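Accompanying notes for the structure given below.
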Amino acid sequence: MTLTFLGTSAGKPTRERNVSATALEFDQDSKWYLFDCGEGTQHQLLRTRPSVGKLAAIFITHLHGDHIYGLPGLLASKRLDGALRPLRIYGPSGIGKILGCVMDLSADYLGYELGIIEYSAGETFAFDRFEITVLPLVHSVESFAFYIREHDVTDRLDEPKLRAAGLEPSPLYGELKRGRTVTVGEKVFEPAGYMLDPVVGRKIIIAGDNAEPSVLGEALEGLDLLVHECTYTQEVYDALGEQLLHTTARDLGSAAEAKGVHNVIATHISPRYGKNGTHSVESIRHEIGTQYGGRIFVADDFDVYTLRRDGIVEQK
């Protein structure tokens, strides 16, 4: 499972970071999935491996501009690229109205099937490799997280055992995977006797803007990876004249530690942090680490991370 960060800034782009967008790919799957689509996302994609032609679905966490303003341009460029594969967009109530208004007034004919699904908290959507459950967050507008549960792999055959029993690789292996008994001469092969234990699917959450990471509750328990906004360190947040509904590094670390999250990737970083800011990005990582003992990453644009089968996140 691979995540490519296309935009990691909060609110507005900076010289170092674009606004929110993240690509998710699964092992040995040509399709990929986009989470949020801030302004300029299509430009960011030109510098990465995922291509618009293989984009299967877009998931929008909430309707603030730094998470959606890239949608009209991306949808129009998809047609211009001749990428006419159907596309579905999953978003909160109002996403259909926004896109409908833009497309109608610009007279933009897409030329491909576009499905718009307005979800509600608690809904679950099934895909060929995973399912997604929508979880509510705490923000100034309705905002949501996506709990992504990869399907278990249950059709692995013990090929050495089959060979030892006299059955070499053949289409009969497919019959066993489908749960059908195979008879070769006088030898009977029952599927249950030659299946390996299932490989348990990985679990991740990709969250939108959120003031209280602990609101994710039981969904965080034993989670393989939490991708969550981390707009401020606590000291900077406490000094703000207007305290907006965003997460601090301290609170993110505390919530992840309390529920045994294995890996955390912080994103949605305030422009205050970085080479042209007044604070260092390292201060965010450090503050998360004062509360949390797991693996910590602070994403930059174009960072690529892999979640291995053993639950370890590695940066490529």
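Residues are referred to by chain and number: the chain letter is A, B, ... according to the order shown in the structure tokens, the number counts from 1 in that chain, and ligands are numbered separately from 1 in the order shown.
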Extract the full set of alpha helix (DSSP H) residues from range 38-244 of chain A according to DSSP on the backbone, and format it as an MDAnalysis selection string.
chainID A and resid 41:45 65:68 71:80 95:105 159:164 171:177 234:238
Do you know which residues are at most 6 Å from range 165-180 of chain A counting only C-alpha atoms, after dropping those on the same chain fewer than 2 positions away, and could you put them as a list in words?
Asp155, Leu162, Arg163 and Pro191 of chain A
Excluding Cys37 in chain A and its own-chain neighbours fewer than 6 positions away, which residues fall within 12 Å of it when counting only C-alpha atoms? Please give them as a VMD selection string.
chain A and resid 5 to 8 18 to 23 43 to 45 57 to 75 89 to 91 208
Could you state the separation of CA of Ile148 in chain A and CA of Ala255 in chain A in Å, given to one decimal place?
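So the answer is 18.5 Å.
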Pick out the residues sitting within 9 Å of Arg285 in chain A, and hand them over as number ranges by chain; count only C-alpha atoms, and ignore anything fewer than 2 positions along from it in its own chain.
A: 249, 266, 281-283, 287-290, 296-298
